[in-house]
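So this block is work_13.txt, compact mmCIF, C-alpha atoms and all ligand atoms:
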```txt
# COMPACT_ATOMS: atom_id res chain seq x y z
CA MET A 226 0.00 0.00 0.00
CA LYS A 227 1.44 3.39 -1.05
CA ARG A 228 1.50 6.25 1.44
CA ALA A 229 0.81 9.89 0.54
CA LEU A 230 1.18 13.01 2.66
CA ILE A 231 -1.05 15.94 1.67
CA THR A 232 -0.65 19.47 3.01
CA GLY A 233 -3.76 21.64 2.60
CA VAL A 234 -6.00 18.57 2.79
CA THR A 235 -8.94 20.57 4.24
CA GLY A 236 -8.95 22.87 1.19
CA GLN A 237 -10.71 22.37 -2.11
CA ASP A 238 -7.95 20.46 -3.94
CA GLY A 239 -6.73 18.57 -0.88
CA SER A 240 -10.19 17.09 -0.33
CA TYR A 241 -10.57 15.88 -3.95
CA LEU A 242 -7.03 14.53 -4.00
CA ALA A 243 -7.51 12.67 -0.72
CA GLU A 244 -10.70 11.06 -2.11
CA PHE A 245 -8.92 10.09 -5.32
CA LEU A 246 -5.91 8.55 -3.53
CA LEU A 247 -8.09 6.69 -1.02
CA GLU A 248 -10.01 5.17 -3.94
CA LYS A 249 -6.67 4.07 -5.40
CA GLY A 250 -5.89 2.27 -2.15
CA TYR A 251 -3.36 4.75 -0.74
CA GLU A 252 -2.84 5.34 2.95
CA VAL A 253 -3.52 9.08 3.11
CA TYR A 254 -1.93 11.32 5.74
CA GLY A 255 -3.31 14.84 6.01
CA LEU A 256 -1.44 17.72 7.60
CA ARG A 257 -3.79 20.03 9.43
CA ARG A 258 -3.06 23.21 11.32
CA ARG A 259 -4.90 24.07 14.50
CA THR A 260 -7.88 26.38 13.90
CA SER A 261 -10.08 28.07 16.50
CA THR A 262 -13.18 26.44 15.00
CA PRO A 263 -13.22 23.10 13.14
CA ASN A 264 -13.08 23.36 9.33
CA PHE A 265 -13.65 19.78 8.18
CA GLU A 266 -16.50 20.67 5.80
CA ASN A 267 -14.70 19.51 2.63
CA VAL A 268 -13.45 16.25 4.16
CA GLU A 269 -16.30 15.38 6.53
CA HIS A 270 -17.22 12.29 4.44
CA ILE A 271 -13.64 10.90 4.52
CA LYS A 272 -12.55 12.30 7.89
CA ASN A 273 -12.18 8.86 9.45
CA LYS A 274 -10.18 7.48 6.53
CA ILE A 275 -7.49 10.16 6.64
CA LYS A 276 -4.63 9.78 9.12
CA TRP A 277 -4.38 13.22 10.68
CA LEU A 278 -1.11 14.93 11.51
CA SER A 279 -0.90 18.25 13.28
CA GLY A 280 1.40 20.84 11.74
CA ASP A 281 1.87 24.25 10.24
CA LEU A 282 3.75 25.10 7.07
CA ASN A 283 5.81 27.67 8.91
CA ASP A 284 6.83 25.30 11.68
CA LEU A 285 9.65 23.21 10.24
CA ALA A 286 9.76 20.95 13.31
CA SER A 287 6.14 19.94 12.73
CA LEU A 288 6.85 19.22 9.04
CA LEU A 289 9.88 17.07 9.87
CA GLU A 290 7.72 15.13 12.30
CA ALA A 291 4.90 14.81 9.74
CA VAL A 292 7.27 13.33 7.15
CA ARG A 293 8.82 11.02 9.76
CA LEU A 294 5.44 9.73 10.97
CA SER A 295 3.91 9.27 7.52
CA ASP A 296 7.04 7.91 5.81
CA PRO A 297 5.46 8.91 2.47
CA ASP A 298 6.06 7.63 -1.05
CA GLU A 299 4.44 10.81 -2.37
CA VAL A 300 4.10 14.31 -0.89
CA TYR A 301 1.55 16.78 -2.28
CA ASN A 302 2.27 20.32 -1.12
CA LEU A 303 -1.08 22.08 -1.61
CA ALA A 304 -1.23 24.26 1.50
CA ALA A 305 -0.82 28.00 0.95
CA GLN A 306 -2.42 31.39 1.43
CA SER A 307 -4.31 30.87 -1.82
CA PHE A 308 -6.53 33.95 -2.19
CA VAL A 309 -4.88 36.46 -4.57
CA ALA A 310 -6.87 39.46 -3.28
CA ALA A 311 -5.73 38.82 0.32
CA SER A 312 -2.10 38.94 -0.74
CA TRP A 313 -2.05 42.77 -0.95
CA PRO A 314 -3.28 43.41 2.62
CA GLN A 315 -1.20 40.42 3.90
CA PRO A 316 1.93 40.36 1.74
CA ILE A 317 4.31 39.06 4.40
CA ALA A 318 2.04 36.26 5.62
CA THR A 319 1.54 35.33 1.95
CA ALA A 320 5.31 35.22 1.40
CA GLN A 321 5.71 33.01 4.47
CA MET A 322 2.89 30.58 3.63
CA THR A 323 3.06 30.53 -0.16
CA ALA A 324 6.80 31.02 -0.79
CA LEU A 325 9.10 30.21 2.15
CA ALA A 326 6.89 27.36 3.36
CA VAL A 327 7.73 25.47 0.16
CA THR A 328 11.37 25.42 1.23
CA ASN A 329 10.31 24.19 4.68
CA MET A 330 8.41 21.33 3.08
CA LEU A 331 11.23 20.49 0.65
CA GLU A 332 13.75 20.53 3.51
CA ALA A 333 11.57 18.21 5.58
CA VAL A 334 11.43 15.78 2.66
CA ARG A 335 15.16 16.13 1.83
CA ILE A 336 16.20 15.50 5.44
CA ILE A 337 13.79 12.70 6.38
CA LYS A 338 12.71 10.96 3.15
CA PRO A 339 14.59 12.27 0.08
CA SER A 340 13.32 9.42 -2.09
CA ALA A 341 9.68 10.59 -1.70
CA ARG A 342 8.15 12.10 -4.83
CA PHE A 343 7.14 15.74 -4.34
CA TYR A 344 4.35 17.75 -5.97
CA GLN A 345 4.29 21.57 -5.72
CA ALA A 346 1.07 23.49 -6.40
CA SER A 347 2.30 26.14 -8.83
CA SER A 348 -0.14 28.52 -10.45
CA SER A 349 -1.06 30.28 -13.70
CA GLU A 350 -0.91 33.49 -11.60
CA MET A 351 2.87 33.25 -12.14
CA PHE A 352 2.28 34.25 -15.78
CA GLY A 353 0.48 37.42 -14.70
CA LYS A 354 0.93 40.08 -17.34
CA VAL A 355 0.33 38.71 -20.82
CA MET A 356 3.69 37.83 -22.43
CA GLU A 357 2.36 35.07 -24.71
CA THR A 358 -1.06 33.50 -25.41
CA PRO A 359 -1.86 30.70 -24.77
CA GLN A 360 0.53 30.21 -21.86
CA LYS A 361 2.66 27.08 -21.65
CA GLU A 362 5.56 25.67 -19.59
CA THR A 363 8.12 27.89 -21.39
CA THR A 364 6.16 31.18 -21.18
CA PRO A 365 8.09 33.77 -19.07
CA PHE A 366 6.66 34.66 -15.65
CA TYR A 367 5.53 38.22 -14.84
CA PRO A 368 3.46 37.94 -11.64
CA ARG A 369 1.06 40.76 -10.79
CA SER A 370 0.34 40.17 -7.08
CA PRO A 371 2.27 39.32 -3.91
CA TYR A 372 0.63 35.88 -4.26
CA GLY A 373 1.94 35.45 -7.82
CA VAL A 374 5.43 36.54 -6.76
CA ALA A 375 5.37 34.03 -3.87
CA LYS A 376 4.28 31.22 -6.22
CA VAL A 377 7.19 32.01 -8.56
CA TYR A 378 9.55 31.49 -5.60
CA GLY A 379 7.84 28.17 -4.74
CA HIS A 380 8.10 27.08 -8.35
CA TRP A 381 11.82 27.82 -8.72
CA ILE A 382 12.84 26.41 -5.35
CA THR A 383 11.14 23.16 -6.36
CA THR A 384 13.11 23.13 -9.63
CA ASN A 385 16.25 23.94 -7.65
CA TYR A 386 15.80 20.99 -5.26
CA ARG A 387 15.24 18.72 -8.25
CA GLU A 388 18.50 19.91 -9.82
CA SER A 389 20.54 20.28 -6.60
CA TYR A 390 19.58 17.09 -4.80
CA ASN A 391 18.26 14.94 -7.62
CA MET A 392 14.87 14.83 -5.88
CA PHE A 393 11.76 13.70 -7.78
CA ALA A 394 10.12 17.12 -7.50
CA CYS A 395 7.44 18.35 -9.95
CA SER A 396 5.41 21.53 -10.24
CA GLY A 397 1.94 21.53 -11.72
CA ILE A 398 1.17 24.96 -13.20
CA LEU A 399 -2.57 24.78 -12.72
CA PHE A 400 -4.99 27.28 -14.17
CA ASN A 401 -8.12 28.20 -12.16
CA HIS A 402 -10.12 25.19 -11.07
CA GLU A 403 -13.36 25.27 -9.17
CA SER A 404 -16.01 23.07 -7.59
CA PRO A 405 -18.85 23.16 -5.07
CA ARG A 406 -16.05 23.01 -2.45
CA ARG A 407 -14.45 26.27 -3.62
CA GLY A 408 -14.10 28.96 -0.92
CA LEU A 409 -16.91 31.54 -0.98
CA GLU A 410 -14.58 34.48 -1.65
CA PHE A 411 -13.38 33.19 -5.06
CA VAL A 412 -15.34 34.63 -7.97
CA THR A 413 -17.01 31.45 -9.28
CA ARG A 414 -18.36 30.36 -5.92
CA LYS A 415 -19.27 33.93 -4.96
CA VAL A 416 -21.39 34.11 -8.12
CA THR A 417 -22.98 30.63 -7.90
CA ASP A 418 -23.81 31.13 -4.21
CA ALA A 419 -25.34 34.55 -4.95
CA ALA A 420 -27.39 33.23 -7.88
CA ALA A 421 -28.84 30.52 -5.62
CA ARG A 422 -29.51 32.83 -2.68
CA ILE A 423 -31.06 35.56 -4.83
CA LYS A 424 -33.30 32.96 -6.49
CA LEU A 425 -34.55 31.86 -3.06
CA GLY A 426 -34.96 35.40 -1.72
CA LEU A 427 -32.05 35.19 0.74
CA GLN A 428 -30.02 37.98 -0.91
CA ASN A 429 -30.92 40.90 -3.17
CA GLU A 430 -27.70 42.14 -4.79
CA LEU A 431 -24.18 41.01 -5.68
CA ARG A 432 -21.19 43.36 -5.32
CA MET A 433 -18.43 42.61 -7.81
CA GLY A 434 -15.09 43.88 -9.15
CA ASN A 435 -13.68 43.60 -12.69
CA LEU A 436 -16.19 41.82 -14.94
CA ASP A 437 -13.88 41.87 -17.98
CA ALA A 438 -11.21 39.56 -16.52
CA LEU A 439 -10.74 36.42 -18.61
CA ARG A 440 -10.01 33.09 -16.94
CA ASP A 441 -9.47 29.47 -18.00
CA TRP A 442 -11.76 27.68 -15.53
CA GLY A 443 -11.80 23.88 -15.07
CA PHE A 444 -13.15 21.37 -12.53
CA ALA A 445 -10.95 20.62 -9.48
CA GLY A 446 -11.89 16.92 -9.56
CA ASP A 447 -10.28 16.63 -13.02
CA TYR A 448 -7.18 18.60 -12.00
CA VAL A 449 -6.15 16.52 -8.96
CA LYS A 450 -5.81 13.50 -11.28
CA ALA A 451 -3.10 15.42 -13.16
CA MET A 452 -1.20 15.97 -9.89
CA TRP A 453 -1.10 12.23 -9.31
CA LEU A 454 -0.16 11.45 -12.92
CA MET A 455 2.86 13.80 -12.67
CA LEU A 456 4.25 11.72 -9.80
CA GLN A 457 3.79 8.40 -11.68
CA GLN A 458 6.17 9.29 -14.56
CA ASN A 459 9.72 8.01 -15.00
CA GLU A 460 11.20 11.52 -14.78
CA PRO A 461 10.13 14.55 -12.75
CA ASP A 462 8.95 17.54 -14.80
CA ASP A 463 6.61 20.55 -14.77
CA TYR A 464 3.25 20.63 -16.56
CA VAL A 465 0.56 23.20 -17.41
CA ILE A 466 -2.97 21.98 -16.61
CA SER A 467 -5.84 23.96 -18.15
CA THR A 468 -8.92 23.68 -20.33
CA GLY A 469 -7.59 25.78 -23.25
CA GLU A 470 -10.81 27.82 -23.18
CA MET A 471 -11.39 31.18 -21.52
CA HIS A 472 -14.44 33.11 -20.39
CA THR A 473 -15.06 36.55 -18.92
CA VAL A 474 -16.51 37.08 -15.45
CA THR A 475 -19.58 38.43 -17.29
CA GLU A 476 -20.02 35.06 -19.05
CA LEU A 477 -19.75 33.34 -15.67
CA LEU A 478 -22.57 35.58 -14.39
CA GLU A 479 -24.71 34.83 -17.47
CA VAL A 480 -24.37 31.05 -17.06
CA ALA A 481 -24.92 31.03 -13.28
CA PHE A 482 -27.89 33.40 -13.17
CA GLY A 483 -29.29 31.97 -16.43
CA HIS A 484 -29.37 28.51 -14.81
CA VAL A 485 -31.88 29.78 -12.22
CA GLY A 486 -33.85 31.83 -14.77
CA LEU A 487 -32.55 35.27 -13.68
CA ASP A 488 -30.85 38.18 -15.51
CA TYR A 489 -27.64 39.02 -13.61
CA ARG A 490 -27.85 42.69 -14.75
CA ASP A 491 -30.76 43.21 -12.35
CA TYR A 492 -28.58 42.41 -9.32
CA ILE A 493 -24.95 43.44 -9.96
CA VAL A 494 -23.36 46.41 -8.22
CA ILE A 495 -19.76 47.28 -9.17
CA ASP A 496 -17.86 47.92 -5.96
CA PRO A 497 -14.28 49.30 -5.99
CA GLU A 498 -13.55 47.17 -2.92
CA PHE A 499 -13.35 44.13 -5.23
CA VAL A 500 -11.15 45.75 -7.87
CA ARG A 501 -7.49 44.71 -7.44
CA PRO A 502 -4.48 47.08 -7.32
CA ALA A 503 -3.01 45.16 -10.29
CA GLU A 504 -5.04 42.74 -12.39
CA VAL A 505 -4.21 39.67 -14.45
CA ASP A 506 -6.33 40.47 -17.50
CA LEU A 507 -6.21 37.15 -19.29
CA LEU A 508 -5.22 33.57 -18.53
CA LEU A 509 -5.43 30.86 -21.17
CA GLY A 510 -3.44 27.65 -20.88
CA ASP A 511 -1.94 25.31 -23.45
CA CYS A 512 -1.80 21.90 -21.77
CA SER A 513 -0.70 19.85 -24.82
CA LYS A 514 2.38 18.56 -22.94
CA ALA A 515 0.19 17.11 -20.16
CA LYS A 516 -2.21 15.60 -22.71
CA GLU A 517 0.58 13.95 -24.67
CA ARG A 518 2.87 12.78 -21.87
CA LEU A 519 0.47 12.19 -18.98
CA GLY A 520 -2.55 11.13 -21.03
CA TRP A 521 -4.53 13.62 -18.93
CA LYS A 522 -7.96 14.72 -20.14
CA LEU A 523 -10.83 16.97 -19.07
CA GLU A 524 -14.18 15.52 -18.20
CA VAL A 525 -16.27 18.53 -17.07
CA SER A 526 -16.97 21.55 -19.31
CA PHE A 527 -17.25 25.19 -18.12
CA LYS A 528 -21.06 25.20 -18.36
CA GLN A 529 -21.39 21.84 -16.58
CA LEU A 530 -19.05 23.07 -13.84
CA ILE A 531 -20.92 26.31 -13.16
CA GLU A 532 -24.32 24.58 -13.26
CA MET A 533 -23.05 21.89 -10.86
CA MET A 534 -21.93 24.65 -8.47
CA VAL A 535 -25.24 26.53 -8.72
CA ASP A 536 -27.18 23.30 -8.04
CA SER A 537 -25.06 22.58 -4.98
CA ASP A 538 -25.52 26.15 -3.69
CA LEU A 539 -29.29 25.93 -4.29
CA GLU A 540 -29.35 22.81 -2.13
CA LYS A 541 -27.38 24.57 0.63
CA ALA A 542 -29.63 27.64 0.47
CA ARG A 543 -32.75 25.44 0.68
CA GLN A 544 -31.34 23.73 3.77
CA GLN A 545 -30.73 27.14 5.33
CA LEU A 546 -34.33 28.14 4.58
CA SER A 547 -35.75 24.96 6.07
CA ILE A 548 -33.66 25.38 9.25
CA ALA A 549 -34.90 28.98 9.55
CA ALA A 550 -38.51 27.74 9.21
CA ILE A 551 -38.23 25.43 12.27
CA PRO A 552 -39.97 27.16 15.24
CA GLN A 553 -37.40 28.02 17.97
P1 LIG B 1 -7.63 26.35 -0.49
O1 LIG B 1 -7.51 27.76 -0.06
O2 LIG B 1 -8.98 25.75 -0.65
O3 LIG B 1 -6.82 25.43 0.55
C1 LIG B 1 -5.63 25.87 1.14
C2 LIG B 1 -5.22 24.87 2.20
O4 LIG B 1 -3.98 25.28 2.79
C3 LIG B 1 -6.22 24.75 3.37
O5 LIG B 1 -6.31 23.39 3.74
C4 LIG B 1 -5.53 25.55 4.46
O6 LIG B 1 -5.88 25.15 5.75
C5 LIG B 1 -4.08 25.17 4.19
N1 LIG B 1 -3.14 26.10 4.83
C6 LIG B 1 -3.03 27.43 4.64
N2 LIG B 1 -2.05 27.92 5.40
C7 LIG B 1 -1.52 26.90 6.10
C8 LIG B 1 -0.49 26.78 7.06
N3 LIG B 1 0.21 27.84 7.46
N4 LIG B 1 -0.20 25.55 7.55
C9 LIG B 1 -0.91 24.47 7.16
N5 LIG B 1 -1.91 24.52 6.28
C10 LIG B 1 -2.21 25.72 5.75
O7 LIG B 1 -6.78 26.22 -1.85
P2 LIG B 1 -7.02 25.26 -3.12
O8 LIG B 1 -7.36 23.91 -2.67
O9 LIG B 1 -7.89 25.96 -4.10
O10 LIG B 1 -5.56 25.26 -3.77
C11 LIG B 1 -4.57 24.32 -3.38
C12 LIG B 1 -3.20 24.84 -3.77
O11 LIG B 1 -3.14 25.02 -5.18
C13 LIG B 1 -2.82 26.19 -3.18
O12 LIG B 1 -1.43 26.19 -2.96
C14 LIG B 1 -3.17 27.19 -4.28
O13 LIG B 1 -2.40 28.36 -4.14
C15 LIG B 1 -2.80 26.37 -5.49
N6 LIG B 1 -3.51 26.68 -6.71
C16 LIG B 1 -4.88 26.68 -6.73
C17 LIG B 1 -5.56 26.90 -7.91
C18 LIG B 1 -7.05 26.90 -7.96
O14 LIG B 1 -7.59 27.41 -8.96
N7 LIG B 1 -7.75 26.36 -6.97
C19 LIG B 1 -4.82 27.12 -9.19
C20 LIG B 1 -3.39 27.05 -9.04
C21 LIG B 1 -2.76 26.83 -7.86
P3 LIG B 1 -7.15 25.83 6.52
O15 LIG B 1 -8.33 25.01 6.10
O16 LIG B 1 -6.77 25.67 7.95
O17 LIG B 1 -7.23 27.27 6.07
P1 LIG B 2 -7.82 34.21 -9.07
O1 LIG B 2 -9.30 33.82 -8.62
O2 LIG B 2 -7.42 35.52 -8.55
O3 LIG B 2 -7.75 34.00 -10.56
O4 LIG B 2 -6.95 33.10 -8.31
P2 LIG B 2 -10.56 34.68 -8.18
O5 LIG B 2 -11.72 33.78 -8.34
O6 LIG B 2 -10.38 35.32 -6.86
O7 LIG B 2 -10.62 35.86 -9.27
C1 LIG B 2 -10.80 35.60 -10.66
C2 LIG B 2 -11.03 36.91 -11.41
O8 LIG B 2 -12.31 37.43 -11.08
C3 LIG B 2 -12.19 38.83 -10.88
N1 LIG B 2 -13.27 39.33 -10.01
C4 LIG B 2 -13.47 38.96 -8.74
N2 LIG B 2 -12.81 38.09 -7.95
C5 LIG B 2 -13.27 37.90 -6.69
N3 LIG B 2 -12.67 37.01 -5.91
N4 LIG B 2 -14.36 38.59 -6.20
C6 LIG B 2 -15.03 39.50 -6.96
O9 LIG B 2 -15.99 40.10 -6.51
C7 LIG B 2 -14.57 39.69 -8.30
N5 LIG B 2 -15.00 40.48 -9.31
C8 LIG B 2 -14.19 40.24 -10.36
C9 LIG B 2 -10.81 39.00 -10.25
O10 LIG B 2 -10.36 40.35 -10.34
C10 LIG B 2 -10.02 38.02 -11.11
O11 LIG B 2 -9.61 38.61 -12.30
C11 LIG B 2 -7.34 31.75 -8.25
C12 LIG B 2 -6.86 31.18 -6.92
O12 LIG B 2 -7.38 29.88 -6.77
C13 LIG B 2 -5.34 31.09 -6.88
O13 LIG B 2 -4.94 30.38 -5.70
C14 LIG B 2 -4.86 30.35 -8.12
O14 LIG B 2 -3.44 30.28 -8.11
C15 LIG B 2 -5.37 31.03 -9.38
O15 LIG B 2 -6.78 31.04 -9.34
C16 LIG B 2 -4.93 30.30 -10.65
```

I'd like the structure from this file rewritten - as structure tokens, please.
Amino acid sequence: MKRALITGVTGQDGSYLAEFLLEKGYEVYGLRRRTSTPNFENVEHIKNKIKWLSGDLNDLASLLEAVRLSDPDEVYNLAAQSFVAASWPQPIATAQMTALAVTNMLEAVRIIKPSARFYQASSSEMFGKVMETPQKETTPFYPRSPYGVAKVYGHWITTNYRESYNMFACSGILFNHESPRRGLEFVTRKVTDAAARIKLGLQNELRMGNLDALRDWGFAGDYVKAMWLMLQQNEPDDYVISTGEMHTVTELLEVAFGHVGLDYRDYIVIDPEFVRPAEVDLLLGDCSKAKERLGWKLEVSFKQLIEMMVDSDLEKARQQLSIAAIPQ
């Protein structure tokens, strides 16, 4: 039985990856930091199947102990401060969690189990300002946020450990991927949640930022399979994972509100609070290398993804309504 250690297992990707690896028969160890209130929502259904380890990305001692206790064949480093907008008000915390923490994790693996295969969650945000379209593994980086800058560090330190210590270390340069488990602050989930709540009379407007931004949005469940495939190859390498299709935020609004029979224009308020100091105007990925070498393929389209998210948010909003209707 193979053993995998996942950091960020309570997040969107960590939960799908844990499910996928458990189904493959892996023993799955999940690193979890202490939080003041429990946040098991994404992993509630597999909570008892995961072997929990307590640790924080910025606490090297806890990472060394996590690697020692799990003795992993594969390490998936997904934990990070992952919300781009939060990286301006919290640039130093972002650098610690999204950049320096990657070195902590690589050091823990190098010292305790250097033969373990290592996956780093790199991001299309590293491309930032448009230098080439579509973006592929060789496209130069020009990050546009403290988050993007931190991810570039994480990406290059992973390459450096591969070249310095001959470690099997890969970076997946993943474009935006979403699901019903996406955090509520990210634009897709913010929109699908609002469409559902407005439909059911729980909300009456939606405050948004830049509606012209273009993103290449895929389904998280498809993307975690690519992470695993990267670690099953003969040689470590970096791969772009994307759909090769892009849509504006306006198109996202049209699909989500259209699915519940509403016109988004009746509810949108543009609020400068959600406009970023520097924007990534366009992200479009070319994942031909992953398709050819990993045999990776997409299963869920943009429209299916957004409708799946709206349906899930409708269900959650209905539950909230039925709880509110119970006499106290
Ligand atoms: P989430 O924000 O959903 O999950 C982040 C995870 O990291 C959570 O489990 C969080 O724990 C954990 N975490 C944060 N800080 C620490 C810390 N100091 N110590 C331990 N754990 C910590 O992100 P996603 O699942 O969407 O993304 C996974 C990774 O992939 C991230 O690195 C992200 O930057 C990257 N990425 C994501 C893309 C996407 O579109 N989703 C695209 C490209 C890259 P807690 O629950 O306690 O907050
Ligand atoms: P992103 O995702 O920054 O691409 O990072 P997000 O969903 O936050 O923003 C996408 C685009 O939508 C625009 N936008 C808004 N965004 C938010 N959150 N809220 C709004 O109200 C709003 N209005 C417009 C943004 O300006 C932006 O252009 C995600 C994260 O998962 C990263 O961790 C990951 O690395 C990248 O995707 C690839």

Atom CA of Ile382 of chain A to atom CA of Thr232 of chain A, straight-line distance in Å: 17.3 Å

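Counting all atoms listed in the file, the residue from A:Gln544, A:Gln345, A:Ser295, A:Ser537 that sits nearest to Asp463 of chain A is A:Gln345.
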
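If only C-alpha atoms are the atoms counted, then among A:Phe366, A:Phe400, A:Phe444, A:Trp277 the closest residue to Ala243 of chain A is A:Trp277.
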
Return as JSON lines the residues of segment 347-438 of chain A lying at most 6 Å from segment 505-527 of chain A, together with the closest atom-to-atom pair for each and the distance in Å to one decimal, counting only C-alpha atoms, with rows in chain order and ascending residue number.
```
{"residue": "A:Gly353", "atom": "CA", "partner": "A:Val505", "partner_atom": "CA", "distance": 5.2}
{"residue": "A:Lys354", "atom": "CA", "partner": "A:Val505", "partner_atom": "CA", "distance": 5.9}
{"residue": "A:Pro359", "atom": "CA", "partner": "A:Leu509", "partner_atom": "CA", "distance": 5.1}
{"residue": "A:Gln360", "atom": "CA", "partner": "A:Gly510", "partner_atom": "CA", "distance": 4.8}
{"residue": "A:Lys361", "atom": "CA", "partner": "A:Asp511", "partner_atom": "CA", "distance": 5.2}
{"residue": "A:Ala438", "atom": "CA", "partner": "A:Asp506", "partner_atom": "CA", "distance": 5.1}
```

For Thr364 of chain A, the nearest of the candidates A:Leu478, A:Val465, A:Leu303, A:Leu456, counting all atoms listed in the file: A:Val465

For segment 255-262 of chain A, take all atoms listed in the file, fit an axis-aligned box around them, add 8 Å to each of the six sides, then output centre and edge lengths in Å rounded to one decimal, as lines of an AutoDock Vina configuration file.
```
center_x = -7.3
center_y = 21.5
center_z = 11.3
size_x = 27.7
size_y = 29.2
size_z = 26.5
```

Kindly assemble as a tab-separated table a list of the segment 445-550 of chain A residues that lie within 9 Å of segment 234-239 of chain A, each paired with its nearest atom pair and their distance in Å to one decimal, using only C-alpha atoms, sorted first by chain and then by ascending residue number.
```
residue	atom	partner	partner_atom	distance
A:Ala445	CA	A:Asp238	CA	6.3
A:Gly446	CA	A:Asp238	CA	7.7
A:Tyr448	CA	A:Asp238	CA	8.3
A:Val449	CA	A:Asp238	CA	6.6
```

Closest of A:Asn329, A:Asn273, A:Asn401, A:Asn391 to ligand LIG 1 (chain B) - atom-to-atom distances counting all atoms listed in the file: A:Asn401

Exercise answer, 8 Å around ligand LIG 1 (chain B) with only C-alpha atoms and all ligand atoms, as a ChimeraX atom specification: /A:232-240,256-260,264-265,280-283,302-308,322-323,326,345-350,376,398-403,406-408,442,445

Of the listed residues A:Leu436, A:Val485, A:Ala550, A:Val327, that which approaches ligand LIG 2 (chain B) most closely, counting only C-alpha atoms and all ligand atoms: A:Leu436

Residues within 10 Å of (-28.6, 25.3, -3.2), file coords, all atoms listed in the file, listed as JSON, numbers by chain: {"A": [417, 418, 419, 420, 421, 422, 424, 425, 534, 535, 536, 537, 538, 539, 540, 541, 542, 543, 544, 545]}

Computed interatomic separation between atom CA of Ala333 of chain A and atom CA of Arg293 of chain A (Å): 8.8 Å

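Interatomic distance, atom CA of Val374 of chain A against atom CA of Asn435 of chain A: 21.2 Å.
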
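The residue that comes closest to Glu460 of chain A, out of A:Arg342, A:Thr319, A:Asn429, A:Asp488 and on the basis of only C-alpha atoms, is A:Arg342.
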
Protein, DNA and RNA residues within 8 Å of (-5.4, 45.5, -3.3), only C-alpha atoms, as a VMD selection string: chain A and resid 310 to 314 500 to 503
